[in-house]
Structures are given as C-alpha cells and as structure tokens.
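Source file: start23.pdb. Holds: PDB, C-alpha atoms.
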ATOM      1  CA  LYS A 461     130.390  74.362  85.900
ATOM      2  CA  VAL A 462     128.948  76.705  83.269
ATOM      3  CA  ARG A 463     126.080  74.277  82.650
ATOM      4  CA  GLU A 464     125.265  74.209  86.375
ATOM      5  CA  LEU A 465     125.338  77.989  86.504
ATOM      6  CA  LEU A 466     123.000  78.257  83.521
ATOM      7  CA  ALA A 467     120.669  75.647  84.997
ATOM      8  CA  THR A 468     120.355  77.619  88.224
ATOM      9  CA  ARG A 469     120.003  81.051  86.576
ATOM     10  CA  PHE A 470     117.716  80.297  83.641
ATOM     11  CA  VAL A 471     114.451  78.439  84.071
ATOM     12  CA  PRO A 472     112.672  77.130  80.966
ATOM     13  CA  ARG A 473     109.385  78.869  80.161
ATOM     14  CA  TRP A 474     107.318  75.688  80.564
ATOM     15  CA  ARG A 475     108.720  75.170  84.053
ATOM     16  CA  LEU A 476     107.774  78.734  85.035
ATOM     17  CA  CYS A 477     104.216  78.112  83.793
ATOM     18  CA  VAL A 478     103.987  74.933  85.861
ATOM     19  CA  ARG A 479     105.294  76.748  88.937
ATOM     20  CA  MET A 480     102.750  79.550  88.493
ATOM     21  CA  ARG A 481      99.888  77.045  88.113
ATOM     22  CA  VAL A 482     100.995  75.214  91.254
ATOM     23  CA  LYS A 483     101.298  78.519  93.147
ATOM     24  CA  ARG A 484      97.824  79.602  91.983
ATOM     25  CA  TRP A 485      96.339  76.224  92.953
ATOM     26  CA  CYS A 486      98.037  76.368  96.358
ATOM     27  CA  ARG A 487      96.669  79.884  96.999
ATOM     28  CA  GLN A 488      93.142  78.776  96.029
ATOM     29  CA  PHE A 489      93.389  75.707  98.254
ATOM     30  CA  LEU A 490      94.634  77.702 101.258
ATOM     31  CA  THR A 491      91.970  80.365 100.653
ATOM     32  CA  ARG A 492      89.207  77.739 100.782
ATOM     33  CA  ILE A 493      90.560  76.494 104.109
ATOM     34  CA  HIS A 494      90.902  79.951 105.683
ATOM     35  CA  GLU A 495      87.741  81.609 104.345
ATOM     36  CA  LYS A 496      85.687  79.899 107.080
ATOM     37  CA  LYS A 497      87.645  81.891 109.680
ATOM     38  CA  MET A 498      87.276  85.210 107.873
ATOM     39  CA  GLN A 499      84.705  87.891 108.625
ATOM     40  CA  GLU A 500      83.547  90.297 105.950
ATOM     41  CA  PRO A 501      84.654  93.869 106.564
ATOM     42  CA  THR A 502      81.997  96.111 108.037
ATOM     43  CA  ILE A 503      80.871  99.520 106.836
ATOM     44  CA  ARG A 504      82.406 101.070 109.946
ATOM     45  CA  GLU A 505      85.806  99.506 109.177
ATOM     46  CA  LEU A 506      85.736 100.779 105.601
ATOM     47  CA  ARG A 507      84.806 104.269 106.748
ATOM     48  CA  ALA A 508      87.784 104.350 109.128
ATOM     49  CA  GLY A 509      90.047 105.232 106.192
ATOM     50  CA  ALA A 510      89.822 108.390 104.122
ATOM     51  CA  PHE A 511      88.937 106.721 100.810
ATOM     52  CA  PHE A 512      85.502 105.292 101.740
ATOM     53  CA  ARG A 513      84.600 107.928 104.361
ATOM     54  CA  GLU A 514      82.062 109.872 102.262
ATOM     55  CA  TRP A 515      80.515 106.915 100.447
ATOM     56  CA  PRO A 516      76.821 106.168 101.145
ATOM     57  CA  ASP A 517      75.873 102.934 102.930
ATOM     58  CA  HIS A 518      74.303 101.259  99.892
ATOM     59  CA  SER A 519      77.516 101.764  97.872
ATOM     60  CA  LEU A 520      79.644 100.296 100.652
ATOM     61  CA  ARG A 521      77.296  97.297 100.902
ATOM     62  CA  SER A 522      77.708  96.669  97.177
ATOM     63  CA  VAL A 523      81.519  96.871  97.535
ATOM     64  CA  ILE A 524      81.413  94.371 100.402
ATOM     65  CA  SER A 525      79.195  92.012  98.395
ATOM     66  CA  VAL A 526      81.746  91.649  95.561
ATOM     67  CA  LEU A 527      84.786  91.075  97.766
ATOM     68  CA  ARG A 528      86.344  87.633  97.657
ATOM     69  CA  PRO A 529      88.689  86.055 100.211
ATOM     70  CA  VAL A 530      92.372  85.632  99.334
ATOM     71  CA  TYR A 531      95.149  83.996 101.347
ATOM     72  CA  TYR A 532      98.825  84.938 100.975
ATOM     73  CA  ARG A 533     101.666  83.133 102.693
ATOM     74  CA  MET A 534     104.548  84.767 104.530
ATOM     75  CA  GLY A 535     107.108  86.209 102.103
ATOM     76  CA  GLU A 536     104.741  86.536  99.136
ATOM     77  CA  TYR A 537     104.342  89.855  97.338
ATOM     78  CA  LEU A 538     100.948  91.475  96.724
ATOM     79  CA  THR A 539     102.292  94.179  94.422
ATOM     80  CA  VAL A 540     105.732  95.280  93.328
ATOM     81  CA  GLN A 541     106.811  98.916  93.057
ATOM     82  CA  GLY A 542     106.279 100.154  89.507
ATOM     83  CA  ALA A 543     103.734  97.474  88.538
ATOM     84  CA  LYS A 544     100.065  98.270  87.995
ATOM     85  CA  PRO A 545      97.959  96.743  90.780
ATOM     86  CA  THR A 546      94.780  94.956  89.776
ATOM     87  CA  GLU A 547      92.904  94.766  93.081
ATOM     88  CA  ILE A 548      92.113  96.696  96.223
ATOM     89  CA  TYR A 549      92.984  94.627  99.287
ATOM     90  CA  ILE A 550      91.347  94.786 102.711
ATOM     91  CA  LEU A 551      93.237  93.151 105.569
ATOM     92  CA  ASP A 552      91.388  90.566 107.638
ATOM     93  CA  ASP A 553      94.330  89.092 109.524
ATOM     94  CA  GLY A 554      98.110  89.236 109.131
ATOM     95  CA  PHE A 555     100.977  91.669 108.762
ATOM     96  CA  ILE A 556     101.905  93.505 105.548
ATOM     97  CA  GLU A 557     104.882  95.761 104.999
ATOM     98  CA  ALA A 558     104.991  98.544 102.391
ATOM     99  CA  ARG A 559     108.523  99.311 101.173
ATOM    100  CA  VAL A 560     109.860 101.852  98.697
ATOM    101  CA  LYS A 561     113.161 101.548  96.873
ATOM    102  CA  GLU A 562     114.686 104.991  96.534
ATOM    103  CA  ARG A 563     117.279 105.963  93.968
ATOM    104  CA  GLY A 564     120.814 105.746  95.180
ATOM    105  CA  LYS A 565     119.972 103.483  98.128
ATOM    106  CA  ALA A 566     120.692  99.771  98.157
ATOM    107  CA  GLU A 567     117.973  98.746 100.603
ATOM    108  CA  PRO A 568     114.278  99.656 100.322
ATOM    109  CA  VAL A 569     112.806 101.840 103.077
ATOM    110  CA  THR A 570     109.746 100.683 105.032
ATOM    111  CA  ILE A 571     107.052 103.362 104.797
ATOM    112  CA  ALA A 572     104.111 101.541 106.394
ATOM    113  CA  LYS A 573     103.209  98.452 108.391
ATOM    114  CA  LEU A 574      99.643  97.243 108.041
ATOM    115  CA  THR A 575      98.414  95.121 110.928
ATOM    116  CA  GLN A 576      94.871  96.231 111.794
ATOM    117  CA  ARG A 577      91.800  94.434 110.547
ATOM    118  CA  GLY A 578      89.923  96.540 107.999
ATOM    119  CA  GLN A 579      92.927  98.476 106.673
ATOM    120  CA  TYR A 580      92.859  98.722 102.893
ATOM    121  CA  PHE A 581      95.494  99.534 100.305
ATOM    122  CA  SER A 582      96.174  99.821  96.533
ATOM    123  CA  GLU A 583      93.035 101.951  96.060
ATOM    124  CA  SER A 584      94.828 105.126  94.960
ATOM    125  CA  ALA A 585      96.950 103.383  92.322
ATOM    126  CA  ILE A 586      93.918 101.654  90.806
ATOM    127  CA  LEU A 587      91.804 104.793  90.606
ATOM    128  CA  SER A 588      94.582 106.988  89.229
ATOM    129  CA  GLY A 589      95.850 104.340  86.805
ATOM    130  CA  GLU A 590      99.384 104.988  88.007
ATOM    131  CA  PRO A 591     101.871 102.244  88.872
ATOM    132  CA  SER A 592     102.233 101.191  92.480
ATOM    133  CA  ILE A 593     104.460 103.471  94.556
ATOM    134  CA  ALA A 594     105.466 100.716  96.987
ATOM    135  CA  THR A 595     106.148  97.011  97.176
ATOM    136  CA  LEU A 596     103.690  95.205  99.451
ATOM    137  CA  ARG A 597     105.029  92.041 101.085
ATOM    138  CA  CYS A 598     103.433  89.693 103.602
ATOM    139  CA  VAL A 599     105.568  89.533 106.729
ATOM    140  CA  ALA A 600     103.217  86.906 108.192
ATOM    141  CA  ASN A 601     100.508  84.729 106.688
ATOM    142  CA  CYS A 602      97.681  87.041 105.577
ATOM    143  CA  ARG A 603      93.969  86.655 105.063
ATOM    144  CA  LEU A 604      92.689  89.419 102.775
ATOM    145  CA  TRP A 605      89.582  90.505 100.936
ATOM    146  CA  ALA A 606      90.132  91.514  97.311
TER     147      ALA A 606
END

Represent the supplied structure as structure tokens.
Amino acid sequence: KVRELLATRFVPRWRLCVRMRVKRWCRQFLTRIHEKKMQEPTIRELRAGAFFREWPDHSLRSVISVLRPVYYRMGEYLTVQGAKPTEIYILDDGFIEARVKERGKAEPVTIAKLTQRGQYFSESAILSGEPSIATLRCVANCRLWA
C-alpha cells in the first residue's frame, strides 16, 4: 500500500521530462493545425486596450510581425499566480479565466473572463518585471498569438 501511494505521489524526474516533451510536441502539432484558421490581430484591435493605445502604427506593425501562433487546450494554464510570465498573449479564439487566490480563502476568485478576439494580457507583469498577479487558465480550447 505504501509503495502504491509513493508511486502515485512521486514521479521520477526522467518521466516528468518525457511528459513535458510530449506536451510541448502536442502543443506544436496542434498549433500547426490551427494556425491556418487564425487571423493576425489588427492595429485597431491592439489599440482597443489601454496598453497599445498611444503607440504609433509602425511600432504596432512590428509587434504584429513578431507574433507567433500558439494553441492551448481546455484546462491548461498559461501562467500561474506568483510566477514570472515570459510572453504577452493576444486572444484569437477561446475563453480564458483569470483567477486570484487570496489569503485566508480556500477557493480562488475569478477576476476576469477573456472571450473577445484581440484582448491581450500579461503585458503589465512583463514590463514591470513583477510576478503574475493572477492564474490564467483556458476554460475552452484557445488559439492565441504570443
């Protein structure tokens, strides 16, 4: 019984590495399939939010040119509260929920639901160098630009 418990709780390091490689390969494979359906964000969509509002057109075009498509499946996490995000995400299609775990509460509180094409997130944490203030989870399959 103890051996079974240990086998379910502790995963050898090599097995974790294999799982991560498989997960990365699966995401790349699904991204290649879905990128044909994706449309690059437009300057108007980027300007809809406060962050890119004052940027000149040529700067926004250069931002759009370096974006790459990414596909996340339902239930996957983009960032976890307290971790440093590495990318700014722009939603193409899907449903993302931002949740914050507050001290003294068992369940995290939903602070935002992102559903509209062109919405972007994680920009403030990247620019400030601070850790993420919320956990971002895909509620449905999501096509994003990163």

On this structure, the PyMOL selection byres ((chain A and resi 584) around 12) would catch which residues? List them as an mmCIF file with C-alpha atoms, in the frame of the given file, sorted by chain and number.
data_model
loop_
_atom_site.group_PDB
_atom_site.id
_atom_site.type_symbol
_atom_site.label_atom_id
_atom_site.label_comp_id
_atom_site.auth_asym_id
_atom_site.auth_seq_id
_atom_site.Cartn_x
_atom_site.Cartn_y
_atom_site.Cartn_z
ATOM 1 C CA ALA A 510 89.822 108.390 104.122
ATOM 2 C CA PHE A 511 88.937 106.721 100.810
ATOM 3 C CA PHE A 512 85.502 105.292 101.740
ATOM 4 C CA LYS A 544 100.065 98.270 87.995
ATOM 5 C CA PRO A 545 97.959 96.743 90.780
ATOM 6 C CA THR A 546 94.780 94.956 89.776
ATOM 7 C CA GLU A 547 92.904 94.766 93.081
ATOM 8 C CA ILE A 548 92.113 96.696 96.223
ATOM 9 C CA TYR A 549 92.984 94.627 99.287
ATOM 10 C CA TYR A 580 92.859 98.722 102.893
ATOM 11 C CA PHE A 581 95.494 99.534 100.305
ATOM 12 C CA SER A 582 96.174 99.821 96.533
ATOM 13 C CA GLU A 583 93.035 101.951 96.060
ATOM 14 C CA ALA A 585 96.950 103.383 92.322
ATOM 15 C CA ILE A 586 93.918 101.654 90.806
ATOM 16 C CA LEU A 587 91.804 104.793 90.606
ATOM 17 C CA SER A 588 94.582 106.988 89.229
ATOM 18 C CA GLY A 589 95.850 104.340 86.805
ATOM 19 C CA GLU A 590 99.384 104.988 88.007
ATOM 20 C CA PRO A 591 101.871 102.244 88.872
ATOM 21 C CA SER A 592 102.233 101.191 92.480
ATOM 22 C CA ILE A 593 104.460 103.471 94.556
ATOM 23 C CA ALA A 594 105.466 100.716 96.987
#

Atom-to-atom span, CA of Ala543 in chain A and CA of Arg487 in chain A, Å | 20.8 Å

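With distances taken over all atoms listed in the file, A:Thr502 is the one residue among A:Thr502, A:Gln579, A:Thr539, A:Thr595 lying closest to Arg521 in chain A.
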
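The shell of residues at most 12 Å from Lys496 in chain A, with only C-alpha atoms counted and near chain neighbours (fewer than 4 positions) removed, consists of Leu490, Thr491, Arg492, Glu500, Pro529, Val530, Tyr531 and Arg603 of chain A.
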
Hey, what's within 8 Å of Leu538 in chain A if we count only C-alpha atoms and toss same-chain stuff fewer than 2 positions away? As a PyMOL selection string, please?
-> chain A and resi 536+540+595-598

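Using all atoms listed in the file, the smallest distance between any of A:Leu574, A:Ala558, A:Met480, A:Leu527 and Glu495 in chain A comes from A:Leu527.
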
What does the PyMOL selection byres ((chain A and resi 575) around 8) select in this file, as a JSON list (two decimals) with C-alpha atoms, keeping the file's coordinate frame?
[["chain", "number", "residue", "atom", "x", "y", "z"],
["A", 551, "LEU", "CA", 93.24, 93.15, 105.57],
["A", 553, "ASP", "CA", 94.33, 89.09, 109.52],
["A", 554, "GLY", "CA", 98.11, 89.24, 109.13],
["A", 555, "PHE", "CA", 100.98, 91.67, 108.76],
["A", 556, "ILE", "CA", 101.90, 93.50, 105.55],
["A", 573, "LYS", "CA", 103.21, 98.45, 108.39],
["A", 574, "LEU", "CA", 99.64, 97.24, 108.04],
["A", 576, "GLN", "CA", 94.87, 96.23, 111.79],
["A", 577, "ARG", "CA", 91.80, 94.43, 110.55],
["A", 579, "GLN", "CA", 92.93, 98.48, 106.67]]

With N, CA, C and O atoms as the target, complete range 549-571 of chain A and hand it back as a PDB file, keeping the file's coordinate frame.
ATOM      1  N   TYR A 549      92.940  95.647  98.243  1.00  0.00           N
ATOM      2  CA  TYR A 549      92.984  94.627  99.287  1.00  0.00           C
ATOM      3  C   TYR A 549      92.523  95.220 100.611  1.00  0.00           C
ATOM      4  O   TYR A 549      92.867  96.351 100.942  1.00  0.00           O
ATOM      5  N   ILE A 550      91.772  94.414 101.365  1.00  0.00           N
ATOM      6  CA  ILE A 550      91.347  94.786 102.711  1.00  0.00           C
ATOM      7  C   ILE A 550      91.861  93.701 103.645  1.00  0.00           C
ATOM      8  O   ILE A 550      91.588  92.515 103.443  1.00  0.00           O
ATOM      9  N   LEU A 551      92.595  94.102 104.655  1.00  0.00           N
ATOM     10  CA  LEU A 551      93.237  93.151 105.569  1.00  0.00           C
ATOM     11  C   LEU A 551      92.224  92.566 106.539  1.00  0.00           C
ATOM     12  O   LEU A 551      91.456  93.295 107.161  1.00  0.00           O
ATOM     13  N   ASP A 552      92.213  91.247 106.636  1.00  0.00           N
ATOM     14  CA  ASP A 552      91.388  90.566 107.638  1.00  0.00           C
ATOM     15  C   ASP A 552      92.265  90.128 108.807  1.00  0.00           C
ATOM     16  O   ASP A 552      91.920  90.337 109.952  1.00  0.00           O
ATOM     17  N   ASP A 553      93.412  89.529 108.490  1.00  0.00           N
ATOM     18  CA  ASP A 553      94.330  89.092 109.524  1.00  0.00           C
ATOM     19  C   ASP A 553      95.712  88.971 108.902  1.00  0.00           C
ATOM     20  O   ASP A 553      95.849  88.539 107.764  1.00  0.00           O
ATOM     21  N   GLY A 554      96.748  89.368 109.634  1.00  0.00           N
ATOM     22  CA  GLY A 554      98.110  89.236 109.131  1.00  0.00           C
ATOM     23  C   GLY A 554      98.926  90.499 109.333  1.00  0.00           C
ATOM     24  O   GLY A 554      98.558  91.387 110.103  1.00  0.00           O
ATOM     25  N   PHE A 555     100.037  90.564 108.618  1.00  0.00           N
ATOM     26  CA  PHE A 555     100.977  91.669 108.762  1.00  0.00           C
ATOM     27  C   PHE A 555     101.610  91.927 107.402  1.00  0.00           C
ATOM     28  O   PHE A 555     102.268  91.055 106.846  1.00  0.00           O
ATOM     29  N   ILE A 556     101.395  93.129 106.865  1.00  0.00           N
ATOM     30  CA  ILE A 556     101.905  93.505 105.548  1.00  0.00           C
ATOM     31  C   ILE A 556     102.815  94.712 105.695  1.00  0.00           C
ATOM     32  O   ILE A 556     102.523  95.638 106.448  1.00  0.00           O
ATOM     33  N   GLU A 557     103.906  94.686 104.950  1.00  0.00           N
ATOM     34  CA  GLU A 557     104.882  95.761 104.999  1.00  0.00           C
ATOM     35  C   GLU A 557     104.935  96.440 103.631  1.00  0.00           C
ATOM     36  O   GLU A 557     105.015  95.768 102.608  1.00  0.00           O
ATOM     37  N   ALA A 558     104.865  97.761 103.624  1.00  0.00           N
ATOM     38  CA  ALA A 558     104.991  98.544 102.391  1.00  0.00           C
ATOM     39  C   ALA A 558     106.398  99.138 102.359  1.00  0.00           C
ATOM     40  O   ALA A 558     106.792  99.848 103.277  1.00  0.00           O
ATOM     41  N   ARG A 559     107.143  98.845 101.283  1.00  0.00           N
ATOM     42  CA  ARG A 559     108.523  99.311 101.173  1.00  0.00           C
ATOM     43  C   ARG A 559     108.724 100.024  99.849  1.00  0.00           C
ATOM     44  O   ARG A 559     108.168  99.634  98.831  1.00  0.00           O
ATOM     45  N   VAL A 560     109.554 101.062  99.891  1.00  0.00           N
ATOM     46  CA  VAL A 560     109.860 101.852  98.697  1.00  0.00           C
ATOM     47  C   VAL A 560     111.361 101.814  98.465  1.00  0.00           C
ATOM     48  O   VAL A 560     112.150 102.070  99.378  1.00  0.00           O
ATOM     49  N   LYS A 561     111.743 101.514  97.239  1.00  0.00           N
ATOM     50  CA  LYS A 561     113.161 101.548  96.873  1.00  0.00           C
ATOM     51  C   LYS A 561     113.454 102.926  96.300  1.00  0.00           C
ATOM     52  O   LYS A 561     112.869 103.340  95.311  1.00  0.00           O
ATOM     53  N   GLU A 562     114.336 103.644  96.965  1.00  0.00           N
ATOM     54  CA  GLU A 562     114.686 104.991  96.534  1.00  0.00           C
ATOM     55  C   GLU A 562     115.968 104.957  95.713  1.00  0.00           C
ATOM     56  O   GLU A 562     116.823 104.095  95.908  1.00  0.00           O
ATOM     57  N   ARG A 563     116.076 105.894  94.807  1.00  0.00           N
ATOM     58  CA  ARG A 563     117.279 105.963  93.968  1.00  0.00           C
ATOM     59  C   ARG A 563     118.511 106.236  94.813  1.00  0.00           C
ATOM     60  O   ARG A 563     118.486 107.052  95.724  1.00  0.00           O
ATOM     61  N   GLY A 564     119.557 105.537  94.486  1.00  0.00           N
ATOM     62  CA  GLY A 564     120.814 105.746  95.180  1.00  0.00           C
ATOM     63  C   GLY A 564     120.954 104.957  96.469  1.00  0.00           C
ATOM     64  O   GLY A 564     122.005 104.962  97.080  1.00  0.00           O
ATOM     65  N   LYS A 565     119.904 104.273  96.900  1.00  0.00           N
ATOM     66  CA  LYS A 565     119.972 103.483  98.128  1.00  0.00           C
ATOM     67  C   LYS A 565     119.875 102.007  97.764  1.00  0.00           C
ATOM     68  O   LYS A 565     119.093 101.621  96.905  1.00  0.00           O
ATOM     69  N   ALA A 566     120.668 101.206  98.448  1.00  0.00           N
ATOM     70  CA  ALA A 566     120.692  99.771  98.157  1.00  0.00           C
ATOM     71  C   ALA A 566     119.466  99.058  98.728  1.00  0.00           C
ATOM     72  O   ALA A 566     118.880  98.204  98.080  1.00  0.00           O
ATOM     73  N   GLU A 567     119.082  99.414  99.934  1.00  0.00           N
ATOM     74  CA  GLU A 567     117.973  98.746 100.603  1.00  0.00           C
ATOM     75  C   GLU A 567     116.691  99.576 100.520  1.00  0.00           C
ATOM     76  O   GLU A 567     116.731 100.800 100.665  1.00  0.00           O
ATOM     77  N   PRO A 568     115.538  98.918 100.303  1.00  0.00           N
ATOM     78  CA  PRO A 568     114.278  99.656 100.322  1.00  0.00           C
ATOM     79  C   PRO A 568     113.943 100.145 101.736  1.00  0.00           C
ATOM     80  O   PRO A 568     114.351  99.553 102.727  1.00  0.00           O
ATOM     81  N   VAL A 569     113.186 101.231 101.801  1.00  0.00           N
ATOM     82  CA  VAL A 569     112.806 101.840 103.077  1.00  0.00           C
ATOM     83  C   VAL A 569     111.364 101.457 103.385  1.00  0.00           C
ATOM     84  O   VAL A 569     110.486 101.567 102.531  1.00  0.00           O
ATOM     85  N   THR A 570     111.106 101.021 104.615  1.00  0.00           N
ATOM     86  CA  THR A 570     109.746 100.683 105.032  1.00  0.00           C
ATOM     87  C   THR A 570     108.982 101.969 105.293  1.00  0.00           C
ATOM     88  O   THR A 570     109.401 102.800 106.096  1.00  0.00           O
ATOM     89  N   ILE A 571     107.840 102.142 104.610  1.00  0.00           N
ATOM     90  CA  ILE A 571     107.052 103.362 104.797  1.00  0.00           C
ATOM     91  C   ILE A 571     105.772 103.109 105.579  1.00  0.00           C
ATOM     92  O   ILE A 571     105.188 104.041 106.114  1.00  0.00           O
TER      93      ILE A 571
END
